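What follows is the content of upload.pdb, which has PDB, C-alpha atoms, pLDDT in the B column:
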```pdb
ATOM      1  CA  ASP A   1      65.525  -3.534  79.050  1.00 53.00           C
ATOM      2  CA  THR A   2      68.282  -1.852  81.016  1.00 77.00           C
ATOM      3  CA  GLY A   3      71.139  -4.192  80.104  1.00 93.00           C
ATOM      4  CA  VAL A   4      74.064  -3.612  77.759  1.00 96.00           C
ATOM      5  CA  SER A   5      72.985  -3.457  74.124  1.00 97.00           C
ATOM      6  CA  GLN A   6      75.037  -3.916  70.963  1.00 98.00           C
ATOM      7  CA  ASP A   7      74.289  -3.243  67.333  1.00 97.00           C
ATOM      8  CA  PRO A   8      74.364  -4.919  64.903  1.00 97.00           C
ATOM      9  CA  ARG A   9      74.098  -8.459  66.256  1.00 97.00           C
ATOM     10  CA  HIS A  10      75.552  -9.945  63.098  1.00 97.00           C
ATOM     11  CA  LYS A  11      77.707  -8.449  60.374  1.00 98.00           C
ATOM     12  CA  ILE A  12      78.962 -10.126  57.222  1.00 98.00           C
ATOM     13  CA  THR A  13      81.452  -8.148  55.194  1.00 98.00           C
ATOM     14  CA  LYS A  14      83.999  -8.643  52.466  1.00 97.00           C
ATOM     15  CA  ARG A  15      87.697  -8.443  53.126  1.00 97.00           C
ATOM     16  CA  GLY A  16      88.957  -4.897  52.870  1.00 97.00           C
ATOM     17  CA  GLN A  17      85.716  -3.219  53.894  1.00 98.00           C
ATOM     18  CA  ASN A  18      85.310  -1.071  57.003  1.00 98.00           C
ATOM     19  CA  VAL A  19      82.834  -1.963  59.730  1.00 98.00           C
ATOM     20  CA  THR A  20      81.577  -0.120  62.809  1.00 98.00           C
ATOM     21  CA  PHE A  21      79.907  -1.578  65.872  1.00 98.00           C
ATOM     22  CA  ARG A  22      77.989   0.245  68.567  1.00 98.00           C
ATOM     23  CA  CYS A  23      77.632  -0.476  72.283  1.00 98.00           C
ATOM     24  CA  ASP A  24      75.219   1.153  74.715  1.00 97.00           C
ATOM     25  CA  PRO A  25      76.215   0.420  78.318  1.00 96.00           C
ATOM     26  CA  ILE A  26      73.991   0.215  81.377  1.00 94.00           C
ATOM     27  CA  SER A  27      73.016   3.834  81.983  1.00 91.00           C
ATOM     28  CA  GLU A  28      74.812   4.528  85.279  1.00 87.00           C
ATOM     29  CA  HIS A  29      77.985   2.625  84.346  1.00 91.00           C
ATOM     30  CA  ASN A  30      81.157   4.679  83.920  1.00 92.00           C
ATOM     31  CA  ARG A  31      83.452   1.963  82.581  1.00 94.00           C
ATOM     32  CA  LEU A  32      83.032   0.357  79.185  1.00 96.00           C
ATOM     33  CA  TYR A  33      85.117  -2.508  77.835  1.00 96.00           C
ATOM     34  CA  TRP A  34      85.553  -4.188  74.465  1.00 97.00           C
ATOM     35  CA  TYR A  35      86.574  -7.838  74.184  1.00 97.00           C
ATOM     36  CA  ARG A  36      86.973 -10.220  71.246  1.00 97.00           C
ATOM     37  CA  GLN A  37      86.185 -13.910  71.351  1.00 97.00           C
ATOM     38  CA  THR A  38      87.069 -16.556  68.788  1.00 96.00           C
ATOM     39  CA  LEU A  39      85.728 -20.106  68.706  1.00 93.00           C
ATOM     40  CA  GLY A  40      86.900 -22.260  71.578  1.00 91.00           C
ATOM     41  CA  GLN A  41      88.624 -19.420  73.413  1.00 94.00           C
ATOM     42  CA  GLY A  42      87.704 -17.114  76.242  1.00 96.00           C
ATOM     43  CA  PRO A  43      87.153 -13.431  75.522  1.00 97.00           C
ATOM     44  CA  GLU A  44      90.310 -11.341  75.070  1.00 96.00           C
ATOM     45  CA  PHE A  45      90.533  -7.746  76.203  1.00 96.00           C
ATOM     46  CA  LEU A  46      90.779  -5.067  73.509  1.00 96.00           C
ATOM     47  CA  THR A  47      90.284  -1.706  75.196  1.00 96.00           C
ATOM     48  CA  TYR A  48      88.456   0.120  77.946  1.00 94.00           C
ATOM     49  CA  PHE A  49      87.038   3.551  78.746  1.00 94.00           C
ATOM     50  CA  GLN A  50      86.505   5.419  81.970  1.00 92.00           C
ATOM     51  CA  ASN A  51      83.791   7.881  80.970  1.00 92.00           C
ATOM     52  CA  GLU A  52      85.020   9.314  77.654  1.00 92.00           C
ATOM     53  CA  ALA A  53      88.712   8.615  78.254  1.00 92.00           C
ATOM     54  CA  GLN A  54      90.268   5.557  76.628  1.00 92.00           C
ATOM     55  CA  LEU A  55      92.620   4.359  79.351  1.00 91.00           C
ATOM     56  CA  GLU A  56      94.076   1.146  77.999  1.00 91.00           C
ATOM     57  CA  LYS A  57      94.462  -0.575  74.659  1.00 92.00           C
ATOM     58  CA  SER A  58      95.641  -4.157  74.145  1.00 92.00           C
ATOM     59  CA  ARG A  59      98.444  -4.895  71.728  1.00 89.00           C
ATOM     60  CA  LEU A  60      95.790  -6.987  69.968  1.00 81.00           C
ATOM     61  CA  LEU A  61      94.274  -3.689  68.870  1.00 85.00           C
ATOM     62  CA  SER A  62      96.202  -2.991  65.669  1.00 89.00           C
ATOM     63  CA  ASP A  63      96.139   0.402  63.975  1.00 92.00           C
ATOM     64  CA  ARG A  64      93.196  -0.817  61.900  1.00 96.00           C
ATOM     65  CA  PHE A  65      91.055  -0.770  65.041  1.00 96.00           C
ATOM     66  CA  SER A  66      89.765   2.393  66.663  1.00 95.00           C
ATOM     67  CA  ALA A  67      87.321   2.889  69.494  1.00 96.00           C
ATOM     68  CA  GLU A  68      85.568   5.972  70.766  1.00 96.00           C
ATOM     69  CA  ARG A  69      83.221   6.952  73.534  1.00 96.00           C
ATOM     70  CA  PRO A  70      82.635  10.607  72.677  1.00 91.00           C
ATOM     71  CA  LYS A  71      80.264  11.678  75.445  1.00 86.00           C
ATOM     72  CA  GLY A  72      80.942   9.008  77.986  1.00 85.00           C
ATOM     73  CA  SER A  73      77.790   7.139  77.013  1.00 91.00           C
ATOM     74  CA  PHE A  74      77.709   4.827  73.981  1.00 96.00           C
ATOM     75  CA  SER A  75      80.882   3.568  72.318  1.00 97.00           C
ATOM     76  CA  THR A  76      81.815   2.618  68.784  1.00 97.00           C
ATOM     77  CA  LEU A  77      84.458   0.156  67.594  1.00 97.00           C
ATOM     78  CA  GLU A  78      85.607   0.552  63.995  1.00 97.00           C
ATOM     79  CA  ILE A  79      87.689  -1.933  62.052  1.00 97.00           C
ATOM     80  CA  GLN A  80      89.235  -0.626  58.847  1.00 97.00           C
ATOM     81  CA  ARG A  81      90.337  -2.813  55.940  1.00 97.00           C
ATOM     82  CA  THR A  82      88.918  -5.954  57.517  1.00 97.00           C
ATOM     83  CA  GLU A  83      90.810  -9.227  57.241  1.00 96.00           C
ATOM     84  CA  GLN A  84      89.544 -12.789  57.538  1.00 96.00           C
ATOM     85  CA  GLY A  85      91.359 -13.058  60.862  1.00 95.00           C
ATOM     86  CA  ASP A  86      89.067 -10.361  62.255  1.00 96.00           C
ATOM     87  CA  SER A  87      86.151 -12.806  62.179  1.00 97.00           C
ATOM     88  CA  ALA A  88      85.059 -13.170  65.791  1.00 97.00           C
ATOM     89  CA  MET A  89      82.431 -12.223  68.339  1.00 98.00           C
ATOM     90  CA  TYR A  90      82.980  -8.659  69.559  1.00 98.00           C
ATOM     91  CA  LEU A  91      81.715  -8.233  73.093  1.00 98.00           C
ATOM     92  CA  CYS A  92      81.035  -5.048  75.002  1.00 98.00           C
ATOM     93  CA  ALA A  93      80.790  -4.944  78.783  1.00 97.00           C
ATOM     94  CA  SER A  94      80.154  -2.194  81.283  1.00 96.00           C
ATOM     95  CA  SER A  95      80.650  -1.679  85.003  1.00 93.00           C
ATOM     96  CA  LEU A  96      80.019   0.955  87.636  1.00 89.00           C
ATOM     97  CA  GLY A  97      83.696   1.806  87.930  1.00 80.00           C
ATOM     98  CA  ALA A  98      85.016   3.458  91.058  1.00 72.00           C
ATOM     99  CA  ALA A  99      81.543   3.481  92.591  1.00 62.00           C
ATOM    100  CA  GLY A 100      81.624  -0.297  92.382  1.00 61.00           C
ATOM    101  CA  GLY A 101      84.702  -0.418  94.578  1.00 65.00           C
ATOM    102  CA  PRO A 102      86.915  -3.507  94.637  1.00 65.00           C
ATOM    103  CA  THR A 103      83.940  -5.686  93.741  1.00 74.00           C
ATOM    104  CA  ASP A 104      83.215  -3.850  90.473  1.00 84.00           C
ATOM    105  CA  THR A 105      81.471  -6.325  88.170  1.00 91.00           C
ATOM    106  CA  GLN A 106      81.321  -6.334  84.390  1.00 94.00           C
ATOM    107  CA  TYR A 107      78.092  -7.177  82.571  1.00 95.00           C
ATOM    108  CA  PHE A 108      78.199  -8.205  78.936  1.00 97.00           C
ATOM    109  CA  GLY A 109      76.044  -7.258  75.998  1.00 97.00           C
ATOM    110  CA  PRO A 110      74.806  -9.823  73.458  1.00 97.00           C
ATOM    111  CA  GLY A 111      77.814  -9.324  71.203  1.00 97.00           C
ATOM    112  CA  THR A 112      78.296  -8.614  67.512  1.00 98.00           C
ATOM    113  CA  ARG A 113      79.321 -11.597  65.422  1.00 97.00           C
ATOM    114  CA  LEU A 114      81.554 -10.504  62.546  1.00 98.00           C
ATOM    115  CA  THR A 115      82.202 -12.701  59.543  1.00 98.00           C
ATOM    116  CA  VAL A 116      84.764 -11.499  57.013  1.00 98.00           C
ATOM    117  CA  LEU A 117      84.541 -13.278  53.665  1.00 96.00           C
TER     118      LEU A 117
ATOM    119  CA  GLN B   1     102.238 -19.795  81.544  1.00 71.00           C
ATOM    120  CA  LYS B   2      98.723 -18.626  80.778  1.00 80.00           C
ATOM    121  CA  GLU B   3      97.213 -16.107  83.165  1.00 90.00           C
ATOM    122  CA  VAL B   4      94.118 -18.219  83.760  1.00 96.00           C
ATOM    123  CA  GLU B   5      93.835 -21.948  83.130  1.00 95.00           C
ATOM    124  CA  GLN B   6      90.813 -24.175  83.360  1.00 95.00           C
ATOM    125  CA  ASN B   7      90.422 -27.940  83.286  1.00 85.00           C
ATOM    126  CA  SER B   8      90.091 -28.728  79.632  1.00 74.00           C
ATOM    127  CA  GLY B   9      86.879 -30.714  79.540  1.00 80.00           C
ATOM    128  CA  PRO B  10      84.488 -31.423  78.064  1.00 93.00           C
ATOM    129  CA  LEU B  11      82.768 -32.543  81.239  1.00 95.00           C
ATOM    130  CA  SER B  12      79.763 -34.837  81.004  1.00 96.00           C
ATOM    131  CA  VAL B  13      77.657 -35.471  84.103  1.00 96.00           C
ATOM    132  CA  PRO B  14      74.300 -37.195  84.631  1.00 97.00           C
ATOM    133  CA  GLU B  15      71.306 -35.145  85.631  1.00 97.00           C
ATOM    134  CA  GLY B  16      71.228 -34.611  89.375  1.00 97.00           C
ATOM    135  CA  ALA B  17      74.978 -35.088  89.845  1.00 97.00           C
ATOM    136  CA  ILE B  18      77.578 -32.533  90.944  1.00 97.00           C
ATOM    137  CA  ALA B  19      79.701 -30.866  88.280  1.00 96.00           C
ATOM    138  CA  SER B  20      83.083 -29.652  89.494  1.00 96.00           C
ATOM    139  CA  LEU B  21      85.019 -27.023  87.560  1.00 97.00           C
ATOM    140  CA  ASN B  22      88.541 -25.881  88.356  1.00 96.00           C
ATOM    141  CA  CYS B  23      90.574 -22.803  87.555  1.00 97.00           C
ATOM    142  CA  THR B  24      94.095 -21.657  88.434  1.00 97.00           C
ATOM    143  CA  TYR B  25      95.612 -18.228  87.954  1.00 96.00           C
ATOM    144  CA  SER B  26      99.154 -16.950  87.762  1.00 94.00           C
ATOM    145  CA  ASP B  27      99.058 -13.477  89.375  1.00 92.00           C
ATOM    146  CA  ARG B  28      99.249 -13.978  93.141  1.00 92.00           C
ATOM    147  CA  GLY B  29      97.961 -10.439  93.708  1.00 89.00           C
ATOM    148  CA  SER B  30      94.656 -11.031  91.909  1.00 91.00           C
ATOM    149  CA  GLN B  31      91.708  -9.921  93.986  1.00 88.00           C
ATOM    150  CA  SER B  32      88.502 -10.500  92.033  1.00 92.00           C
ATOM    151  CA  PHE B  33      87.274 -13.782  90.607  1.00 95.00           C
ATOM    152  CA  PHE B  34      84.247 -14.524  88.490  1.00 96.00           C
ATOM    153  CA  TRP B  35      82.444 -17.423  86.875  1.00 97.00           C
ATOM    154  CA  TYR B  36      80.497 -16.699  83.708  1.00 97.00           C
ATOM    155  CA  ARG B  37      78.210 -19.118  81.898  1.00 98.00           C
ATOM    156  CA  GLN B  38      78.069 -18.972  78.113  1.00 97.00           C
ATOM    157  CA  TYR B  39      75.516 -20.814  76.030  1.00 97.00           C
ATOM    158  CA  SER B  40      76.490 -21.630  72.464  1.00 94.00           C
ATOM    159  CA  GLY B  41      76.332 -18.527  70.288  1.00 93.00           C
ATOM    160  CA  LYS B  42      75.487 -16.259  73.221  1.00 95.00           C
ATOM    161  CA  SER B  43      77.471 -13.826  75.347  1.00 96.00           C
ATOM    162  CA  PRO B  44      78.876 -14.552  78.836  1.00 97.00           C
ATOM    163  CA  GLU B  45      76.419 -14.289  81.720  1.00 96.00           C
ATOM    164  CA  LEU B  46      77.702 -13.707  85.260  1.00 95.00           C
ATOM    165  CA  ILE B  47      76.735 -16.469  87.669  1.00 95.00           C
ATOM    166  CA  MET B  48      79.149 -16.032  90.589  1.00 93.00           C
ATOM    167  CA  SER B  49      81.718 -13.629  91.945  1.00 94.00           C
ATOM    168  CA  ILE B  50      84.070 -14.252  94.866  1.00 95.00           C
ATOM    169  CA  TYR B  51      86.668 -12.038  96.501  1.00 93.00           C
ATOM    170  CA  SER B  52      87.626 -13.700  99.810  1.00 92.00           C
ATOM    171  CA  ASN B  53      89.072 -17.088 100.650  1.00 95.00           C
ATOM    172  CA  GLY B  54      86.480 -19.753 101.375  1.00 96.00           C
ATOM    173  CA  ASP B  55      83.153 -20.765  99.941  1.00 96.00           C
ATOM    174  CA  LYS B  56      80.313 -18.686  98.543  1.00 96.00           C
ATOM    175  CA  GLU B  57      76.974 -20.317  97.808  1.00 97.00           C
ATOM    176  CA  ASP B  58      74.188 -19.074  95.552  1.00 95.00           C
ATOM    177  CA  GLY B  59      71.408 -21.547  94.957  1.00 96.00           C
ATOM    178  CA  ARG B  60      72.848 -24.655  93.329  1.00 97.00           C
ATOM    179  CA  PHE B  61      76.198 -22.958  92.692  1.00 98.00           C
ATOM    180  CA  THR B  62      79.138 -22.835  95.107  1.00 98.00           C
ATOM    181  CA  ALA B  63      82.357 -20.982  94.350  1.00 97.00           C
ATOM    182  CA  GLN B  64      85.505 -21.791  96.315  1.00 97.00           C
ATOM    183  CA  LEU B  65      88.590 -19.576  96.478  1.00 97.00           C
ATOM    184  CA  ASN B  66      92.032 -20.452  97.809  1.00 97.00           C
ATOM    185  CA  LYS B  67      94.398 -17.539  97.224  1.00 95.00           C
ATOM    186  CA  ALA B  68      97.390 -19.354  98.717  1.00 95.00           C
ATOM    187  CA  SER B  69      97.028 -22.066  96.091  1.00 95.00           C
ATOM    188  CA  GLN B  70      95.889 -19.589  93.418  1.00 96.00           C
ATOM    189  CA  TYR B  71      92.872 -21.762  92.789  1.00 96.00           C
ATOM    190  CA  VAL B  72      89.182 -21.088  92.294  1.00 97.00           C
ATOM    191  CA  SER B  73      86.489 -23.656  91.643  1.00 97.00           C
ATOM    192  CA  LEU B  74      82.796 -23.868  90.877  1.00 97.00           C
ATOM    193  CA  LEU B  75      80.483 -26.651  91.976  1.00 97.00           C
ATOM    194  CA  ILE B  76      77.095 -27.114  90.370  1.00 97.00           C
ATOM    195  CA  ARG B  77      74.845 -29.274  92.532  1.00 98.00           C
ATOM    196  CA  ASP B  78      71.795 -31.168  91.248  1.00 97.00           C
ATOM    197  CA  SER B  79      72.918 -30.522  87.654  1.00 97.00           C
ATOM    198  CA  GLN B  80      70.113 -29.895  85.179  1.00 97.00           C
ATOM    199  CA  PRO B  81      70.131 -30.157  81.367  1.00 96.00           C
ATOM    200  CA  SER B  82      69.768 -26.353  81.309  1.00 96.00           C
ATOM    201  CA  ASP B  83      73.213 -26.139  82.950  1.00 97.00           C
ATOM    202  CA  SER B  84      74.779 -27.481  79.740  1.00 97.00           C
ATOM    203  CA  ALA B  85      77.018 -24.627  78.641  1.00 97.00           C
ATOM    204  CA  THR B  86      80.614 -23.415  78.653  1.00 97.00           C
ATOM    205  CA  TYR B  87      81.770 -22.031  81.985  1.00 98.00           C
ATOM    206  CA  LEU B  88      84.382 -19.290  81.889  1.00 97.00           C
ATOM    207  CA  CYS B  89      86.650 -18.449  84.799  1.00 97.00           C
ATOM    208  CA  ALA B  90      87.742 -14.809  84.855  1.00 96.00           C
ATOM    209  CA  VAL B  91      90.175 -12.952  87.058  1.00 95.00           C
ATOM    210  CA  ILE B  92      90.998  -9.292  87.629  1.00 92.00           C
ATOM    211  CA  ARG B  93      94.694  -8.953  88.380  1.00 87.00           C
ATOM    212  CA  SER B  94      96.117  -6.608  90.981  1.00 81.00           C
ATOM    213  CA  ASN B  95      95.942  -2.911  90.036  1.00 81.00           C
ATOM    214  CA  ASP B  96      93.926  -3.735  86.954  1.00 86.00           C
ATOM    215  CA  TYR B  97      90.365  -3.431  85.695  1.00 87.00           C
ATOM    216  CA  LYS B  98      90.117  -5.818  82.755  1.00 91.00           C
ATOM    217  CA  LEU B  99      89.033  -9.430  82.970  1.00 94.00           C
ATOM    218  CA  SER B 100      91.481 -12.184  82.057  1.00 95.00           C
ATOM    219  CA  PHE B 101      89.584 -15.289  80.972  1.00 97.00           C
ATOM    220  CA  GLY B 102      90.386 -18.954  80.809  1.00 96.00           C
ATOM    221  CA  ALA B 103      89.477 -20.879  77.673  1.00 96.00           C
ATOM    222  CA  GLY B 104      86.363 -22.291  79.329  1.00 96.00           C
ATOM    223  CA  THR B 105      85.114 -25.735  80.271  1.00 96.00           C
ATOM    224  CA  THR B 106      82.157 -27.162  78.387  1.00 96.00           C
ATOM    225  CA  VAL B 107      79.676 -29.019  80.565  1.00 97.00           C
ATOM    226  CA  THR B 108      77.047 -31.398  79.233  1.00 97.00           C
ATOM    227  CA  VAL B 109      74.350 -32.658  81.583  1.00 97.00           C
ATOM    228  CA  ARG B 110      72.873 -35.963  80.404  1.00 94.00           C
ATOM    229  CA  ALA B 111      69.169 -36.440  81.017  1.00 88.00           C
TER     230      ALA B 111
END
```
Let me see the structure of the file written as structure tokens.
Amino acid sequence: DTGVSQDPRHKITKRGQNVTFRCDPISEHNRLYWYRQTLGQGPEFLTYFQNEAQLEKSRLLSDRFSAERPKGSFSTLEIQRTEQGDSAMYLCASSLGAAGGPTDTQYFGPGTRLTVL
Amino acid sequence: QKEVEQNSGPLSVPEGAIASLNCTYSDRGSQSFFWYRQYSGKSPELIMSIYSNGDKEDGRFTAQLNKASQYVSLLIRDSQPSDSATYLCAVIRSNDYKLSFGAGTTVTVRA
């Protein structure tokens, strides 16, 4: 399978705990994006990477959230001191980037569903 | 004004009928437009992309773009029960890379 993969697929945690999610993009893709989706809404942008550089962060990404892509391959998203409002589906997407030109297309992984009790 | 708005739905159509989904966007400079399908509990799956004014057909799906009216639509012909899902309209604004999504329209195809 050469698509975007995410791990874990489901995470249940207690309020105040830290959680970390992993995303492995399609191998030749330079851009990696994180989105969050709550019930009944479309995905909302959190942050994105061009290779290992984090180029944009949404104001939705509070200081409890941190994302890394240390070698320009996989990425991790960590949430510290989780709150019930963090319960959502966390989606990772990847795209070719500049090589994709103006028609660069994002492909999504299966998502990680987080439930904070 | 939201960046991307979709007709609220839900939309119920009989099997074999045409389902018509509409989307408007606020940034006149937007250049890339996408339709994703999302089954309940699953992640979005790309079904169509369109970049130029006019129609683009792929199988039973036709996307229509009118940049002057800031409007993009999706037609699903010969609707099947397997088309029952939420359809998300997404736009990439000018000088940007991230997708801005509408809230989605849920389609139910009645057998």
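Counting all atoms listed in the file, the residue from A:Gln50, A:Thr105, A:Cys23, A:Tyr90 that sits nearest to Thr38 (chain A) is A:Tyr90.
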Evaluate the ChimeraX specification (/A :<8) & /B here and jot the selected residues down as an MDAnalysis selection string.
chainID B and resid 32 42:46 51 88 98:104
How would the residues just chosen look if you wrote them out with C-alpha atoms as a PDB file, in the frame of the given file?
```
ATOM      1  CA  SER B  32      88.502 -10.500  92.033  1.00 92.00           C
ATOM      2  CA  LYS B  42      75.487 -16.259  73.221  1.00 95.00           C
ATOM      3  CA  SER B  43      77.471 -13.826  75.347  1.00 96.00           C
ATOM      4  CA  PRO B  44      78.876 -14.552  78.836  1.00 97.00           C
ATOM      5  CA  GLU B  45      76.419 -14.289  81.720  1.00 96.00           C
ATOM      6  CA  LEU B  46      77.702 -13.707  85.260  1.00 95.00           C
ATOM      7  CA  TYR B  51      86.668 -12.038  96.501  1.00 93.00           C
ATOM      8  CA  LEU B  88      84.382 -19.290  81.889  1.00 97.00           C
ATOM      9  CA  LYS B  98      90.117  -5.818  82.755  1.00 91.00           C
ATOM     10  CA  LEU B  99      89.033  -9.430  82.970  1.00 94.00           C
ATOM     11  CA  SER B 100      91.481 -12.184  82.057  1.00 95.00           C
ATOM     12  CA  PHE B 101      89.584 -15.289  80.972  1.00 97.00           C
ATOM     13  CA  GLY B 102      90.386 -18.954  80.809  1.00 96.00           C
ATOM     14  CA  ALA B 103      89.477 -20.879  77.673  1.00 96.00           C
ATOM     15  CA  GLY B 104      86.363 -22.291  79.329  1.00 96.00           C
TER      16      GLY B 104
END
```
Distance query Thr20 (chain A) at most 7 Å, all atoms listed in the file, self and fewer than 3 positions along chain excluded, as a list in words
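In the requested format, the answer is Thr76, Leu77, Glu78 and Ile79 of chain A.
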Output of the above residues as a PDB file, in the coordinates of the input, restricted to C-alpha atoms:
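Saved file again-v7.pdb follows:
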```pdb
ATOM      1  CA  THR A  76      81.815   2.618  68.784  1.00 97.00           C
ATOM      2  CA  LEU A  77      84.458   0.156  67.594  1.00 97.00           C
ATOM      3  CA  GLU A  78      85.607   0.552  63.995  1.00 97.00           C
ATOM      4  CA  ILE A  79      87.689  -1.933  62.052  1.00 97.00           C
TER       5      ILE A  79
END
```
May I have the residues within 12 Å of Thr13 (chain A) as a short mmCIF file (atom, residue, chain, number, x, y, z; two decimals) with C-alpha atoms, in the frame of the given file, using all atoms listed in the file and disregarding those fewer than 6 positions away in the same chain?
```cif
data_model
loop_
_atom_site.label_atom_id
_atom_site.label_comp_id
_atom_site.auth_asym_id
_atom_site.auth_seq_id
_atom_site.Cartn_x
_atom_site.Cartn_y
_atom_site.Cartn_z
CA VAL A 19 82.83 -1.96 59.73
CA THR A 20 81.58 -0.12 62.81
CA ILE A 79 87.69 -1.93 62.05
CA GLN A 80 89.24 -0.63 58.85
CA ARG A 81 90.34 -2.81 55.94
CA THR A 82 88.92 -5.95 57.52
CA GLU A 83 90.81 -9.23 57.24
CA GLN A 84 89.54 -12.79 57.54
CA ASP A 86 89.07 -10.36 62.26
CA SER A 87 86.15 -12.81 62.18
CA ARG A 113 79.32 -11.60 65.42
CA LEU A 114 81.55 -10.50 62.55
CA THR A 115 82.20 -12.70 59.54
CA VAL A 116 84.76 -11.50 57.01
CA LEU A 117 84.54 -13.28 53.66
#
```
Using all atoms listed in the file, which protein or nucleic acid residues come within 9 Å of Ala85 (chain B)? Drop anything in the same chain fewer than 4 positions from it, and give the result as a count of residues only.
9
